[in-house]
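A quick write-up on the structure given underneath.
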4 protein chains.
Amino acid sequence: MTDELQAPPDMPGVVLAKERTLDGVLGIELVEVSEERCRGRLEVSDSARQPYGIVHGGAYAALAESIVSATTAWAVMKDGNIAVGQSNTTNFLRPASEGTIHAEAIRRHRGRTSWVWDVECTDDDGRLCAISRVTMAVRPMPGG
Amino acid sequence: MTDELQAPPDMPGVVLAKERTLDGVLGIELVEVSEERCRGRLEVSDSARQPYGIVHGGAYAALAESIVSATTAWAVMKDGNIAVGQSNTTNFLRPASEGTIHAEAIRRHRGRTSWVWDVECTDDDGRLCAISRVTMAVRPMPGG
Amino acid sequence: MTDELQAPPDMPGVVLAKERTLDGVLGIELVEVSEERCRGRLEVSDSARQPYGIVHGGAYAALAESIVSATTAWAVMKDGNIAVGQSNTTNFLRPASEGTIHAEAIRRHRGRTSWVWDVECTDDDGRLCAISRVTMAVRPMPGG
Amino acid sequence: MTDELQAPPDMPGVVLAKERTLDGVLGIELVEVSEERCRGRLEVSDSARQPYGIVHGGAYAALAESIVSATTAWAVMKDGNIAVGQSNTTNFLRPASEGTIHAEAIRRHRGRTSWVWDVECTDDDGRLCAISRVTMAVRPMPGG
């Protein structure tokens, strides 16, 4: 079965240690990947908050973008392709201020040149905080 | 003239020092505000990058969200209202990896319950890297 | 149970016979409604096509907008509110050229001032043709 | 100068007379085209209205989609490419019920595989009624 969730792979060509990147700063982890679904999370700290103490809208957008980008990149790599973020639409539904933000993404479309994912972000009580629609462009690997 | 750009104000009720928040971590500054336009920037560091060294899509979304949120909050406060992020649609047009990301936002709509802004993010050479459409909900201040 | 699908109601205050409106011209029908879900369809004719014979992107957007608008209006009417379309984001995933387009909408958010719905449009073979995210503003009825 | 607006061209391969299509039914005309800008309009009739007599949200989405699709198709045809609608995000800012809806589109991005346009729809008094962001996928002509 191709859609069994599995541990996220190490990706080739990475140039920055994760701890230094936005993922590291925001406490974003990719938890499980598959061709059609993936899961991740963000541990809320001040780095993910805005000045009034709630999770910044950009943190939800970043969480969705990170897990979908990494998963799409992994999935298309075996065909010699790369994935590039094209658009991210995030709706903010309920504020959160602490704990873990849990993200689950479902692939809605696998086209030749773009993949579309829907992402749900929930808090520790399972309440929906944000939803994102993320489109990834898929292109041949440069020089590939 | 009501739309003269001015220095950003200190906002009341802030509970976190900016340095600790997402704005601080990402190097986001609000530069000028007015009722219909605002400007900000992000100094690129590893904290705003993804593992391949380019600026993370979530960083553009966060930059747009930050400057529009702060400006709308400031503009509606005098009527006893608050501003809450409702949605953020960001299109990624061109990768950037260093320097400063410059954001300029134009208000497209001032409704009773929502404001809509368009944001352009450019690099140091003036090339368009991302565009965002941000909708802020405007509500009465709780207990106001 | 509040979310049992039921036949769509007649709405008060309508000023145009349906046959004359965009819904009539496009062959759009609202099939079932509830607080959290609704279904509709569009019978494809030339009126819903673009010049190359496939269903026009605007037809999917209109179908999603129509069923969500009518359902939200019905749902909030009992509290003395009206529903007004605020935004519609439609992704086009697969072209269709004939038969029936089937739309199913799921409510993702019921806020005080806005409701958010996700809509899937499939063809007669169940293939996903378009997905929409529709935000409706909810406001007090004028003069209510 | 490549961006001088000009009369819209006849497009090859059209299979339906315009009068029969959604453009014909809604009274949509493409007025001027260029590589970076285009203009069109919609003459409001009941076919573009919803049951309460105002212009249907889907009509704005269709107007934006039509003028951007036709213009992009025209612009990429000379390189042996076609244009396919990928997404349409429309925000509804102000209701209109009669007269002409005027649409003006500005190209924001010309990538190898996608073009992004911003569209403003105004009424006869120049008031902004809706704004759309339309992404067109650009692909090699099948069999080309």
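Labels for the structure tokens follow display order: chains A, B, ..., residues from 1 in each chain, ligands from 1.
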
Can you tell me which residues surround stretch 58-70 of chain C at a distance of at most 9 Å, considering only C-alpha atoms, apart from same-chain residues fewer than 6 positions away, and format the answer as a short mmCIF file (atom, residue, chain, number, x, y, z; two decimals) with C-alpha atoms, in the first residue's frame?
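Printed below is part-v9.cif as written:
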```cif
data_model
loop_
_atom_site.label_atom_id
_atom_site.label_comp_id
_atom_site.auth_asym_id
_atom_site.auth_seq_id
_atom_site.Cartn_x
_atom_site.Cartn_y
_atom_site.Cartn_z
CA PRO C 8 -34.04 23.16 0.66
CA MET C 11 -36.43 31.70 1.08
CA LEU C 22 -27.56 32.88 -12.75
CA ASP C 23 -28.66 29.71 -10.97
CA LEU C 26 -26.47 27.58 -15.29
CA ILE C 28 -27.81 25.01 -10.59
CA GLU C 29 -30.01 23.23 -8.04
CA LEU C 30 -29.66 23.16 -4.29
CA VAL C 31 -30.48 19.56 -3.38
CA VAL C 33 -29.35 21.51 3.27
CA ARG C 37 -23.48 20.25 5.18
CA CYS C 38 -25.27 20.85 1.90
CA ARG C 39 -25.37 19.42 -1.58
CA GLY C 40 -26.18 20.81 -5.00
CA ARG C 41 -25.57 20.22 -8.67
CA LEU C 42 -25.15 21.87 -12.05
CA ALA C 48 -21.84 26.81 -18.31
CA ARG C 49 -19.11 26.25 -20.90
CA ALA C 83 -25.41 35.98 5.05
CA VAL C 84 -23.28 37.89 2.55
CA GLY C 85 -20.57 36.36 0.37
CA ASN C 88 -14.49 32.45 -2.80
CA THR C 89 -11.26 30.60 -3.54
CA THR C 90 -11.67 27.93 -6.21
CA PHE C 92 -9.55 23.88 -10.81
CA ILE C 101 -21.34 18.55 -11.69
CA ALA C 103 -21.21 19.76 -5.29
CA GLU C 104 -20.96 18.85 -1.63
CA ALA C 105 -20.12 21.45 0.99
CA ARG C 107 -18.96 23.74 7.08
CA TRP C 117 -17.21 26.17 4.01
CA ASP C 118 -15.23 23.71 1.89
CA VAL C 119 -16.88 22.56 -1.33
CA GLU C 120 -15.99 19.63 -3.56
CA CYS C 121 -17.22 19.45 -7.15
CA CYS C 129 -12.98 18.64 -10.75
CA ALA C 130 -12.76 21.65 -8.44
CA ILE C 131 -12.55 22.57 -4.76
CA SER C 132 -13.73 25.85 -3.27
CA ARG C 133 -13.32 27.55 0.07
CA VAL C 134 -16.16 30.01 0.61
CA THR C 135 -16.39 32.54 3.44
CA MET C 136 -19.78 34.06 4.24
CA LEU D 22 -21.13 31.55 -20.20
CA GLN D 50 -28.78 36.03 -7.64
CA HIS D 56 -23.94 36.94 -8.11
CA GLY D 57 -20.47 36.34 -6.67
CA GLY D 58 -19.91 33.75 -9.36
CA ALA D 59 -20.42 36.44 -12.02
CA TYR D 60 -17.42 38.43 -10.75
CA ALA D 61 -15.33 35.26 -10.60
CA ALA D 62 -16.41 34.37 -14.15
CA LEU D 63 -15.63 37.86 -15.47
CA ALA D 64 -12.13 37.79 -14.00
CA GLU D 65 -11.52 34.23 -15.16
CA SER D 66 -12.72 34.95 -18.71
CA ASN D 88 -9.36 31.96 -8.74
#
```

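Those residues that approach A:Gly53 to within 10 Å, counting only C-alpha atoms, are A:Ser45, A:Asp46, A:Ala48, A:Arg49, A:Gln50, A:Pro51, A:Val55, A:His56, A:Ala96, A:Ser97, A:Glu98, B:Val14, B:Val15, B:Leu16, B:Ala17, B:Thr21; same-chain residues fewer than 2 positions away are not listed.
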
Same residues, N, CA, C and O atoms, saved as a tab-separated table (two decimals), in the first residue's frame:
```
chain	number	residue	atom	x	y	z
A	45	SER	N	5.96	28.20	21.55
A	45	SER	CA	6.84	28.98	22.45
A	45	SER	C	6.69	30.44	22.04
A	45	SER	O	5.98	30.75	21.07
A	46	ASP	N	7.34	31.33	22.74
A	46	ASP	CA	7.22	32.75	22.39
A	46	ASP	C	7.61	33.02	20.94
A	46	ASP	O	7.07	33.92	20.30
A	48	ALA	N	6.77	31.58	18.38
A	48	ALA	CA	5.63	31.40	17.48
A	48	ALA	C	4.47	32.33	17.82
A	48	ALA	O	3.42	32.27	17.19
A	49	ARG	N	4.70	33.20	18.81
A	49	ARG	CA	3.60	34.07	19.27
A	49	ARG	C	3.74	35.48	18.70
A	49	ARG	O	4.82	35.92	18.35
A	50	GLN	N	2.59	36.18	18.68
A	50	GLN	CA	2.62	37.62	18.38
A	50	GLN	C	2.61	38.38	19.70
A	50	GLN	O	2.58	37.76	20.77
A	51	PRO	N	2.64	39.70	19.66
A	51	PRO	CA	2.87	40.44	20.92
A	51	PRO	C	1.81	40.25	21.99
A	51	PRO	O	2.07	40.50	23.17
A	55	VAL	N	-0.77	32.52	19.20
A	55	VAL	CA	0.03	32.01	18.10
A	55	VAL	C	-0.17	32.91	16.87
A	55	VAL	O	-1.31	33.22	16.49
A	56	HIS	N	0.93	33.36	16.29
A	56	HIS	CA	0.95	34.25	15.14
A	56	HIS	C	0.36	33.54	13.91
A	56	HIS	O	0.66	32.36	13.68
A	96	ALA	N	-5.06	30.18	19.57
A	96	ALA	CA	-4.43	29.26	20.52
A	96	ALA	C	-3.26	29.99	21.14
A	96	ALA	O	-2.69	30.89	20.51
A	97	SER	N	-2.90	29.64	22.35
A	97	SER	CA	-1.79	30.36	22.97
A	97	SER	C	-0.75	29.44	23.60
A	97	SER	O	0.33	29.91	23.96
A	98	GLU	N	-1.06	28.16	23.73
A	98	GLU	CA	-0.05	27.28	24.33
A	98	GLU	C	-0.27	25.84	23.92
A	98	GLU	O	-1.23	25.53	23.22
B	14	VAL	N	0.30	45.07	25.12
B	14	VAL	CA	1.25	44.05	24.68
B	14	VAL	C	1.79	43.29	25.89
B	14	VAL	O	2.12	43.88	26.91
B	15	VAL	N	1.89	41.95	25.75
B	15	VAL	CA	2.32	41.16	26.89
B	15	VAL	C	3.70	40.52	26.69
B	15	VAL	O	4.25	39.97	27.64
B	16	LEU	N	4.21	40.56	25.47
B	16	LEU	CA	5.51	39.96	25.21
B	16	LEU	C	6.45	40.99	24.60
B	16	LEU	O	6.06	41.73	23.70
B	17	ALA	N	7.67	41.01	25.08
B	17	ALA	CA	8.69	41.87	24.46
B	17	ALA	C	8.90	41.40	23.02
B	17	ALA	O	8.96	40.20	22.76
B	21	THR	N	9.13	37.45	20.34
B	21	THR	CA	8.02	37.00	19.49
B	21	THR	C	8.51	36.60	18.10
B	21	THR	O	9.69	36.78	17.77
```

message: Would you mind listing, as a list in words, all residues of chain A that have at least one atom within 8 Å of chain C, where only C-alpha atoms are what counts?
response: Leu93, His109 and Gly111 of chain A

- request: Taking the DSSP assignment computed from this structure's backbone, write out as a ChimeraX atom specification all residues of stretch 11-129 of chain C that belong to helix (DSSP H, G or I).
  value: /C:18-20,22-26,46-48,57-77
